[in-house]
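Peer 1: Provided herewith: entry-v5.cif, mmCIF, C-alpha atoms.
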```cif
data_data
#
loop_
_atom_site.label_atom_id
_atom_site.label_comp_id
_atom_site.auth_asym_id
_atom_site.auth_seq_id
_atom_site.Cartn_x
_atom_site.Cartn_y
_atom_site.Cartn_z
CA MET A 256 28.51 -126.62 -25.07
CA ARG A 257 30.34 -123.39 -24.24
CA ILE A 258 28.94 -121.53 -21.23
CA VAL A 259 30.44 -118.10 -20.60
CA ILE A 260 30.11 -116.25 -17.31
CA THR A 261 30.38 -112.73 -18.67
CA ASP A 262 30.89 -111.03 -15.31
CA CYS A 263 30.61 -111.97 -11.66
CA ASP A 264 32.07 -110.62 -8.43
CA HIS A 265 31.79 -113.89 -6.49
CA ASP A 266 34.94 -115.12 -4.79
CA ALA A 267 34.76 -118.73 -6.01
CA PHE A 268 33.06 -120.81 -8.69
CA ASP A 269 33.07 -124.32 -7.25
CA GLU A 270 29.29 -124.79 -7.63
CA GLU A 271 29.33 -123.65 -11.26
CA ARG A 272 32.27 -125.90 -12.12
CA ALA A 273 30.53 -128.87 -10.48
CA VAL A 274 27.47 -128.35 -12.71
CA VAL A 275 29.45 -128.24 -15.95
CA ALA A 276 31.65 -131.13 -14.85
CA ALA A 277 28.51 -133.24 -14.60
CA THR A 278 27.22 -132.15 -18.01
CA GLY A 279 30.56 -132.20 -19.83
CA ASP A 280 30.24 -128.59 -20.92
CA GLU A 281 32.99 -125.98 -21.15
CA LEU A 282 32.90 -123.12 -18.63
CA ILE A 283 34.65 -119.83 -19.33
CA ILE A 284 34.83 -117.21 -16.60
CA ALA A 285 35.33 -113.71 -17.97
CA ASN A 286 35.11 -110.28 -16.39
CA ALA A 287 33.59 -107.82 -18.78
CA THR A 288 30.45 -105.69 -18.78
CA ASP A 289 31.26 -103.30 -21.62
CA PRO A 290 29.80 -104.53 -24.94
CA ALA A 291 33.03 -104.85 -26.92
CA SER A 292 34.87 -106.89 -24.29
CA LEU A 293 31.79 -108.98 -23.53
CA ILE A 294 31.36 -109.91 -27.19
CA ALA A 295 35.05 -110.75 -27.56
CA ASN A 296 35.09 -112.92 -24.44
CA ALA A 297 31.88 -114.72 -25.36
CA ALA A 298 32.75 -115.58 -28.95
CA GLY A 299 31.29 -118.98 -29.80
CA ALA A 300 29.21 -119.13 -26.63
CA ASP A 301 26.05 -121.22 -26.50
CA ALA A 302 25.00 -119.72 -23.18
CA LEU A 303 25.67 -116.53 -21.26
CA VAL A 304 25.59 -116.30 -17.49
CA VAL A 305 25.44 -112.69 -16.34
CA GLN A 306 25.43 -110.72 -13.12
CA TYR A 307 25.63 -106.98 -13.90
CA ALA A 308 26.20 -106.94 -17.67
CA THR A 309 23.48 -105.42 -19.83
CA ILE A 310 22.46 -107.77 -22.64
CA THR A 311 21.13 -105.84 -25.64
CA ALA A 312 19.88 -106.75 -29.10
CA GLU A 313 23.28 -105.73 -30.50
CA ILE A 314 25.09 -108.15 -28.23
CA LEU A 315 22.72 -110.99 -29.11
CA ASP A 316 23.19 -110.28 -32.83
CA ALA A 317 26.98 -110.35 -32.37
CA LEU A 318 26.72 -113.74 -30.66
CA PRO A 319 24.46 -115.74 -32.98
CA GLN A 320 25.08 -119.08 -31.24
CA VAL A 321 23.77 -117.90 -27.88
CA ARG A 322 20.55 -119.70 -27.02
CA VAL A 323 20.13 -118.63 -23.41
CA VAL A 324 20.95 -115.75 -21.08
CA SER A 325 20.82 -116.87 -17.46
CA ARG A 326 21.09 -114.25 -14.74
CA TYR A 327 22.38 -114.56 -11.21
CA GLY A 328 19.33 -113.34 -9.29
CA VAL A 329 15.64 -112.63 -9.51
CA GLY A 330 15.48 -109.44 -11.57
CA VAL A 331 16.12 -109.52 -15.31
CA ASP A 332 15.81 -105.78 -16.03
CA SER A 333 19.40 -105.79 -17.39
CA VAL A 334 18.34 -108.09 -20.25
CA ASP A 335 16.40 -106.81 -23.27
CA ILE A 336 13.71 -109.47 -23.02
CA PRO A 337 11.74 -108.42 -26.14
CA ALA A 338 14.96 -108.57 -28.19
CA ALA A 339 15.84 -111.97 -26.77
CA THR A 340 12.35 -113.30 -27.36
CA ALA A 341 12.33 -112.02 -30.94
CA ARG A 342 15.50 -114.04 -31.58
CA GLY A 343 14.26 -117.14 -29.78
CA VAL A 344 16.76 -116.71 -26.94
CA ALA A 345 15.65 -118.02 -23.56
CA VAL A 346 16.04 -115.71 -20.56
CA CYS A 347 16.38 -117.46 -17.22
CA ASN A 348 16.60 -116.36 -13.61
CA VAL A 349 16.37 -117.88 -10.14
CA PRO A 350 13.19 -116.30 -8.80
CA ASP A 351 13.00 -118.00 -5.42
CA TYR A 352 16.56 -118.59 -4.23
CA GLY A 353 16.75 -115.65 -1.82
CA THR A 354 13.19 -115.54 -0.51
CA GLU A 355 14.04 -116.21 3.11
CA ALA A 356 17.30 -114.26 3.12
CA VAL A 357 15.81 -111.09 1.62
CA SER A 358 12.76 -111.22 3.86
CA ASP A 359 15.04 -111.75 6.88
CA HIS A 360 17.00 -108.66 5.85
CA ALA A 361 13.86 -106.57 5.30
CA ILE A 362 12.67 -107.41 8.81
CA ALA A 363 16.13 -106.70 10.24
CA LEU A 364 16.21 -103.29 8.55
CA ALA A 365 12.69 -102.48 9.75
CA LEU A 366 13.50 -103.37 13.35
CA ASN A 367 16.84 -101.58 13.21
CA ALA A 368 15.11 -98.41 12.02
CA ALA A 369 12.23 -98.72 14.47
CA ARG A 370 14.62 -99.08 17.43
CA GLU A 371 17.23 -96.69 15.92
CA VAL A 372 19.95 -99.29 16.52
CA SER A 373 22.39 -97.93 13.92
CA ARG A 374 21.91 -94.33 15.04
CA LEU A 375 22.44 -95.18 18.70
CA ASP A 376 25.52 -97.22 17.80
CA ARG A 377 27.04 -94.37 15.77
CA GLY A 378 26.33 -91.90 18.58
CA LEU A 379 27.88 -94.07 21.25
CA ARG A 380 31.00 -94.60 19.16
CA ALA A 381 31.24 -90.81 18.87
CA GLY A 382 30.98 -90.46 22.63
CA LYS A 383 27.34 -89.42 23.03
CA VAL A 384 23.93 -90.89 23.68
CA ASP A 385 21.45 -89.32 21.26
CA PHE A 386 18.32 -89.95 23.32
CA PRO A 387 16.43 -86.87 22.06
CA GLY A 388 17.31 -87.70 18.47
CA VAL A 389 15.73 -91.16 18.57
CA ARG A 390 12.48 -90.25 20.32
CA PRO A 391 9.73 -91.22 20.08
CA MET A 392 10.02 -95.01 19.89
CA HIS A 393 7.00 -97.31 19.99
CA LEU A 394 6.26 -100.94 20.65
CA ILE A 395 5.82 -103.16 17.60
CA GLY A 396 2.42 -104.46 18.66
CA ASP A 397 -0.36 -103.14 16.41
CA ARG A 398 1.96 -100.93 14.34
CA VAL A 399 0.99 -101.15 10.67
CA PHE A 400 3.46 -102.92 8.40
CA GLY A 401 2.67 -102.24 4.73
CA ILE A 402 3.97 -104.45 1.93
CA LEU A 403 4.22 -103.16 -1.63
CA GLY A 404 4.34 -106.29 -3.79
CA LEU A 405 3.18 -109.56 -2.23
CA GLY A 406 5.14 -112.06 -4.28
CA LEU A 407 7.38 -114.73 -2.78
CA ILE A 408 9.61 -112.32 -0.85
CA GLY A 409 6.79 -109.97 0.08
CA SER A 410 4.73 -112.90 1.38
CA ALA A 411 7.65 -114.20 3.46
CA THR A 412 8.20 -110.70 4.87
CA ALA A 413 4.49 -110.40 5.69
CA ARG A 414 4.56 -113.72 7.54
CA LYS A 415 7.55 -112.67 9.63
CA ALA A 416 6.17 -109.18 10.33
CA ALA A 417 2.85 -110.65 11.47
CA GLY A 418 4.70 -113.08 13.71
CA LEU A 419 6.39 -110.15 15.44
CA GLY A 420 3.04 -108.54 16.17
CA TYR A 421 2.73 -106.06 13.31
CA GLN A 422 -0.64 -105.49 11.65
CA VAL A 423 0.12 -106.35 8.02
CA ILE A 424 -1.58 -104.77 5.00
CA CYS A 425 -0.53 -105.01 1.37
CA HIS A 426 -0.91 -103.67 -2.13
CA ASP A 427 -0.16 -105.75 -5.22
CA ILE A 428 -1.21 -104.96 -8.77
CA ALA A 429 -2.01 -108.65 -9.30
CA ALA A 430 -4.77 -108.46 -6.67
CA GLY A 431 -6.89 -106.01 -8.63
CA GLU A 432 -9.82 -104.81 -6.52
CA ALA A 433 -9.72 -107.74 -4.08
CA SER A 434 -10.07 -106.88 -0.40
CA GLU A 435 -7.73 -109.73 0.60
CA PHE A 436 -4.66 -111.12 -1.13
CA ARG A 437 -2.70 -114.21 -0.10
CA GLY A 438 -4.09 -114.05 3.40
CA TYR A 439 -3.60 -110.34 4.11
CA PRO A 440 -5.86 -107.27 3.82
CA HIS A 441 -5.40 -105.71 0.39
CA VAL A 442 -5.72 -101.93 0.10
CA SER A 443 -5.21 -99.31 -2.58
CA LEU A 444 -1.76 -97.81 -3.04
CA ASP A 445 -3.04 -94.53 -1.61
CA GLU A 446 -4.27 -96.27 1.53
CA LEU A 447 -1.05 -98.24 1.85
CA LEU A 448 0.95 -95.01 1.80
CA ARG A 449 -1.41 -93.28 4.18
CA ARG A 450 -1.56 -96.03 6.83
CA SER A 451 1.83 -97.76 6.82
CA GLN A 452 4.17 -97.09 9.72
CA VAL A 453 6.64 -99.41 8.04
CA LEU A 454 6.47 -99.59 4.25
CA SER A 455 8.53 -102.47 2.85
CA ILE A 456 9.04 -102.63 -0.92
CA HIS A 457 9.04 -106.01 -2.68
CA THR A 458 7.84 -105.22 -6.20
CA PRO A 459 9.94 -105.83 -9.32
CA LEU A 460 11.37 -102.90 -11.24
CA THR A 461 9.21 -102.16 -14.29
CA ASP A 462 8.14 -99.08 -16.22
CA LEU A 463 5.15 -98.91 -13.87
CA THR A 464 7.15 -99.19 -10.64
CA ARG A 465 10.14 -96.99 -11.50
CA HIS A 466 9.99 -94.07 -9.05
CA ILE A 467 6.60 -95.25 -7.79
CA ILE A 468 7.84 -93.90 -4.46
CA ASP A 469 8.39 -90.31 -5.53
CA ALA A 470 7.94 -86.92 -3.86
CA GLU A 471 4.16 -87.19 -4.10
CA ALA A 472 4.08 -90.68 -2.60
CA LEU A 473 6.43 -89.66 0.21
CA ALA A 474 4.26 -86.64 0.97
CA ALA A 475 1.29 -88.99 1.38
CA MET A 476 3.07 -91.10 4.01
CA ARG A 477 2.81 -90.70 7.75
CA PRO A 478 5.39 -88.56 9.57
CA ASP A 479 6.24 -91.60 11.74
CA ALA A 480 6.68 -93.89 8.71
CA ILE A 481 9.81 -95.93 7.98
CA LEU A 482 10.59 -96.86 4.36
CA VAL A 483 12.42 -100.15 3.72
CA ASN A 484 13.66 -101.11 0.24
CA THR A 485 15.26 -104.48 -0.47
CA ALA A 486 13.91 -104.73 -4.05
CA ARG A 487 15.44 -102.38 -6.65
CA GLY A 488 16.92 -98.93 -6.12
CA PRO A 489 15.09 -97.04 -8.91
CA ILE A 490 11.71 -97.93 -7.42
CA VAL A 491 12.41 -95.05 -5.01
CA ASP A 492 13.23 -91.51 -6.17
CA THR A 493 16.44 -91.10 -4.19
CA ALA A 494 16.52 -87.30 -4.36
CA ALA A 495 12.93 -87.09 -3.13
CA LEU A 496 13.66 -89.55 -0.32
CA GLY A 497 16.67 -87.54 0.82
CA GLU A 498 14.54 -84.40 0.98
CA ALA A 499 11.75 -86.20 2.85
CA LEU A 500 14.23 -87.42 5.45
CA ARG A 501 15.99 -84.08 5.85
CA THR A 502 12.72 -82.23 6.36
CA GLY A 503 11.22 -84.86 8.67
CA GLN A 504 8.42 -85.66 6.25
CA ILE A 505 8.93 -89.34 7.18
CA ARG A 506 10.72 -90.72 10.24
CA GLY A 507 13.39 -92.83 8.59
CA ALA A 508 14.49 -95.18 5.84
CA ALA A 509 16.54 -98.35 5.48
CA LEU A 510 17.85 -99.28 2.05
CA ASP A 511 19.67 -102.33 0.76
CA VAL A 512 19.38 -101.02 -2.81
CA THR A 513 19.98 -97.55 -4.23
CA GLU A 514 19.72 -95.91 -7.64
CA THR A 515 23.52 -95.74 -7.83
CA GLU A 516 25.40 -98.85 -6.73
CA PRO A 517 27.73 -98.89 -5.01
CA LEU A 518 26.72 -95.67 -3.26
CA PRO A 519 29.71 -93.25 -3.30
CA ALA A 520 31.19 -92.48 0.11
CA ASP A 521 30.48 -88.77 -0.40
CA ASP A 522 26.83 -89.24 -1.40
CA PRO A 523 24.63 -86.75 0.52
CA LEU A 524 22.32 -89.58 1.56
CA LEU A 525 25.00 -90.97 3.85
CA ALA A 526 25.00 -87.78 5.92
CA ILE A 527 21.35 -88.28 6.93
CA PRO A 528 21.21 -89.79 10.44
CA GLN A 529 17.72 -91.26 9.95
CA LEU A 530 18.97 -93.46 7.09
CA THR A 531 20.56 -96.91 7.27
CA VAL A 532 22.14 -98.36 4.12
CA THR A 533 23.51 -101.83 3.37
CA PRO A 534 25.38 -102.75 0.14
CA HIS A 535 22.82 -104.83 -1.82
CA MET A 536 23.46 -107.85 0.38
CA ALA A 537 19.92 -108.80 1.40
CA TRP A 538 20.03 -111.84 -0.88
CA TYR A 539 22.99 -113.36 0.91
CA SER A 540 23.10 -116.37 3.18
CA GLU A 541 25.46 -119.28 2.75
CA GLU A 542 22.48 -121.42 1.78
CA SER A 543 21.04 -119.00 -0.78
CA TYR A 544 24.50 -118.19 -2.19
CA GLY A 545 25.21 -121.79 -3.14
CA GLU A 546 21.72 -122.34 -4.50
CA LEU A 547 21.92 -119.22 -6.66
CA LYS A 548 25.23 -120.21 -8.22
CA ARG A 549 24.20 -123.79 -8.92
CA ARG A 550 20.76 -123.09 -10.35
CA THR A 551 21.88 -120.19 -12.55
CA VAL A 552 24.34 -122.41 -14.40
CA GLU A 553 21.92 -125.36 -14.44
CA ASN A 554 19.39 -123.20 -16.30
CA ALA A 555 22.03 -122.20 -18.83
CA ALA A 556 23.29 -125.76 -19.30
CA ASP A 557 19.77 -127.11 -19.72
CA VAL A 558 18.82 -124.78 -22.57
CA ALA A 559 22.20 -125.14 -24.27
CA ALA A 560 21.70 -128.92 -24.25
CA GLY A 561 18.13 -128.75 -25.54
CA ARG A 562 16.40 -129.31 -22.21
CA SER A 563 13.68 -127.15 -20.73
CA PRO A 564 15.11 -125.15 -17.80
CA ARG A 565 13.66 -125.04 -14.31
CA ASN A 566 13.12 -121.26 -14.57
CA ILE A 567 12.43 -119.28 -17.73
CA VAL A 568 11.07 -115.77 -18.09
CA ASN A 569 9.96 -116.09 -21.72
CA PRO A 570 8.74 -119.70 -22.20
CA GLU A 571 7.13 -118.72 -25.50
CA VAL A 572 10.54 -119.13 -27.20
CA LEU A 573 10.52 -122.88 -26.54
CA GLY A 574 9.64 -124.58 -29.80
CA ALA A 575 9.03 -121.28 -31.61
CA PRO A 576 11.02 -120.20 -34.66
CA GLY A 577 14.42 -119.03 -33.53
CA ARG A 578 17.41 -120.34 -31.67
CA ASN A 579 15.42 -122.77 -29.49
CA HIS A 580 12.97 -124.06 -32.10
CA GLU A 581 13.61 -127.73 -31.24
CA LEU A 582 12.92 -127.20 -27.52
CA THR A 583 9.48 -127.69 -26.00
CA SER A 584 8.16 -126.65 -22.62
CA THR A 585 7.71 -130.31 -21.70
CA THR A 586 11.32 -131.31 -22.30
CA ALA A 587 12.34 -132.07 -18.73
CA ARG A 588 15.79 -131.82 -17.15
#
```
Would you put the structure from the file into structure tokens?

Peer 2:
Amino acid sequence: MRIVITDCDHDAFDEERAVVAATGDELIIANATDPASLIANAAGADALVVQYATITAEILDALPQVRVVSRYGVGVDSVDIPAATARGVAVCNVPDYGTEAVSDHAIALALNAAREVSRLDRGLRAGKVDFPGVRPMHLIGDRVFGILGLGLIGSATARKAAGLGYQVICHDIAAGEASEFRGYPHVSLDELLRRSQVLSIHTPLTDLTRHIIDAEALAAMRPDAILVNTARGPIVDTAALGEALRTGQIRGAALDVTETEPLPADDPLLAIPQLTVTPHMAWYSEESYGELKRRTVENAADVAAGRSPRNIVNPEVLGAPGRNHELTSTTAR
């Protein structure tokens, strides 16, 4: 089977090569995200492995042998899932590879912002101690840590925040009207915004969550609130966040993801002292890095060979009319 990595900025592919060496498949490593180059590089592919490339209906139609699109990561918003499903193409991800790493990073960003570590560091390097600029600081004990989206990563972040002494509350659409969800008090979105002194975002990007943190939501937050986003950039209205920080509507923000990535060096956000930004690296640890690479290609190789993958977003394609009609959900690896 021909497995094509359409695009990837990783520095080595030893894990991916080890997977295909064991299965006897052919691995092609390309570097194209524009449709024309992607289609040319992936001619004859049975499986696509993607990082940033957008996979559309047109691309799938131009590559009629493709049976699976497997993405490096959790989110699959770059893949047209309805189009893939209509053609019987499996869409795979690795939903749990970075749970501990991302939650570690969310906690690190929250503590950094609460103690103004980055701001104090920048000031000292510039020859000053900005004591007035970082006041007031508070102890962690009994501060309210709000979690928007209590999935795997949100739950891990909640566990770590509670262990530090935060009072954890959450809001998750899956909880409905429940007063408790996965061991934590569940509140409405309005209450989450109103009470959280740290608001950490862990929801996927969907039509419902795009810009869910907008000017209105930011206005509802506490003036001492810190916003942390390690999920997806477009969940937060960046322009509204910048205004909220500049006017002191909220205390600070720490972002691993932004609406534009990478963030340009001259972006006005970077001039805001109450903001800390990291370059979409929350997922990374040596352990999670290797697991991500291995499992992404394993999913692709499994479907290409007629086996059910470990992770699939649209399992309804297995055995249905289309490119994976002979596969069933019980066909194990």

Peer 1: Could you expand the PyMOL selection byres ((chain A and resi 406) around 12) into the explicit residues it covers here, written as a PDB file with C-alpha atoms, keeping the file's coordinate frame?

Peer 2:
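Full text of selection-v6.pdb as output:
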```
ATOM      1  CA  VAL A 329      15.640-112.630  -9.510  1.00  0.00           C
ATOM      2  CA  PRO A 350      13.190-116.300  -8.800  1.00  0.00           C
ATOM      3  CA  ASP A 351      13.000-118.000  -5.420  1.00  0.00           C
ATOM      4  CA  THR A 354      13.190-115.540  -0.510  1.00  0.00           C
ATOM      5  CA  SER A 358      12.760-111.220   3.860  1.00  0.00           C
ATOM      6  CA  ILE A 402       3.970-104.450   1.930  1.00  0.00           C
ATOM      7  CA  LEU A 403       4.220-103.160  -1.630  1.00  0.00           C
ATOM      8  CA  GLY A 404       4.340-106.290  -3.790  1.00  0.00           C
ATOM      9  CA  LEU A 405       3.180-109.560  -2.230  1.00  0.00           C
ATOM     10  CA  LEU A 407       7.380-114.730  -2.780  1.00  0.00           C
ATOM     11  CA  ILE A 408       9.610-112.320  -0.850  1.00  0.00           C
ATOM     12  CA  GLY A 409       6.790-109.970   0.080  1.00  0.00           C
ATOM     13  CA  SER A 410       4.730-112.900   1.380  1.00  0.00           C
ATOM     14  CA  ALA A 411       7.650-114.200   3.460  1.00  0.00           C
ATOM     15  CA  THR A 412       8.200-110.700   4.870  1.00  0.00           C
ATOM     16  CA  ALA A 413       4.490-110.400   5.690  1.00  0.00           C
ATOM     17  CA  ARG A 414       4.560-113.720   7.540  1.00  0.00           C
ATOM     18  CA  CYS A 425      -0.530-105.010   1.370  1.00  0.00           C
ATOM     19  CA  HIS A 426      -0.910-103.670  -2.130  1.00  0.00           C
ATOM     20  CA  ASP A 427      -0.160-105.750  -5.220  1.00  0.00           C
ATOM     21  CA  ILE A 428      -1.210-104.960  -8.770  1.00  0.00           C
ATOM     22  CA  ALA A 429      -2.010-108.650  -9.300  1.00  0.00           C
ATOM     23  CA  ALA A 430      -4.770-108.460  -6.670  1.00  0.00           C
ATOM     24  CA  PHE A 436      -4.660-111.120  -1.130  1.00  0.00           C
ATOM     25  CA  ARG A 437      -2.700-114.210  -0.100  1.00  0.00           C
ATOM     26  CA  ILE A 456       9.040-102.630  -0.920  1.00  0.00           C
ATOM     27  CA  HIS A 457       9.040-106.010  -2.680  1.00  0.00           C
ATOM     28  CA  THR A 458       7.840-105.220  -6.200  1.00  0.00           C
ATOM     29  CA  PRO A 459       9.940-105.830  -9.320  1.00  0.00           C
ATOM     30  CA  ALA A 486      13.910-104.730  -4.050  1.00  0.00           C
TER      31      ALA A 486
END
```

Peer 1: Taking only C-alpha atoms into account, produce a table as CSV in which each residue of region 521-544 of chain A with an atom at most 10 Å from an atom of region 370-383 of chain A appears once, together with its shortest atom pair and the distance in Å to one decimal, ordered by chain and rising number.

Peer 2:
```
residue,atom,partner,partner_atom,distance
A:Pro528,CA,A:Arg374,CA,6.5
A:Gln529,CA,A:Arg374,CA,7.3
A:Leu530,CA,A:Arg374,CA,8.5
A:Thr531,CA,A:Ser373,CA,7.0
A:Val532,CA,A:Ser373,CA,9.8
```

Peer 1: Select, from A:Arg342, A:Ser543, A:Leu303, A:Ala295, the residue with the minimum atom-to-atom distance to Ala356 (chain A), counting all atoms listed in the file.

Peer 2: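 Of all the options, A:Ser543 lies closest to Ala356 (chain A).
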
Peer 1: Between A:Val512, A:Ser333, A:Ala297, A:Thr461, which residue has the minimum interatomic distance to Thr533 (chain A), considering only C-alpha atoms?

Peer 2: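 The shortest atom-to-atom distance to Thr533 (chain A) comes from A:Val512.
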
Peer 1: In Å, how far is it from CA of Val324 (chain A) to CA of Ala308 (chain A)?

Peer 2: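 Result for CA of Val324 (chain A) versus CA of Ala308 (chain A): 10.8 Å, one decimal.
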
Peer 1: Quick check, in Å to one decimal: how far apart do CA of Arg550 (chain A) and CA of Ala363 (chain A) lie?

Peer 2: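 Atom-to-atom, CA of Arg550 (chain A) and CA of Ala363 (chain A) are spaced 26.7 Å apart.
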
Peer 1: What's the 7 Å shell around Asn286 (chain A), counting all atoms listed in the file, without same-chain residues fewer than 5 positions away, as a list in words?

Peer 2: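 The neighbour list is Thr261, Asp262 and Cys263 of chain A.
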
Peer 1: Write out as number ranges by chain which residues come within 9 Å of Ile314 (chain A) when counting all atoms listed in the file, dropping same-chain ones fewer than 3 positions away.

Peer 2: A: 290-291, 293-294, 309-311, 317-319

Peer 1: Between CA of Ala560 (chain A) and CA of Ala338 (chain A), what is the spacing in Å?

Peer 2: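 Separating CA of Ala338 (chain A) from CA of Ala560 (chain A) is a distance of 21.8 Å.
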
Peer 1: I'd like the residues picked by the PyMOL selection byres ((chain A and resi 299) around 9) written out as a PyMOL selection string, using the chain letters and numbers from the file.

Peer 2: chain A and resi 257+296-298+300-301+318-321

Peer 1: Calculated over only C-alpha atoms, which of the candidates A:Val334, A:Asp266, A:Val558, A:Met476 has the smallest distance to Pro570 (chain A)?

Peer 2: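 With only C-alpha atoms as the atom set, the closest residue is A:Val558.
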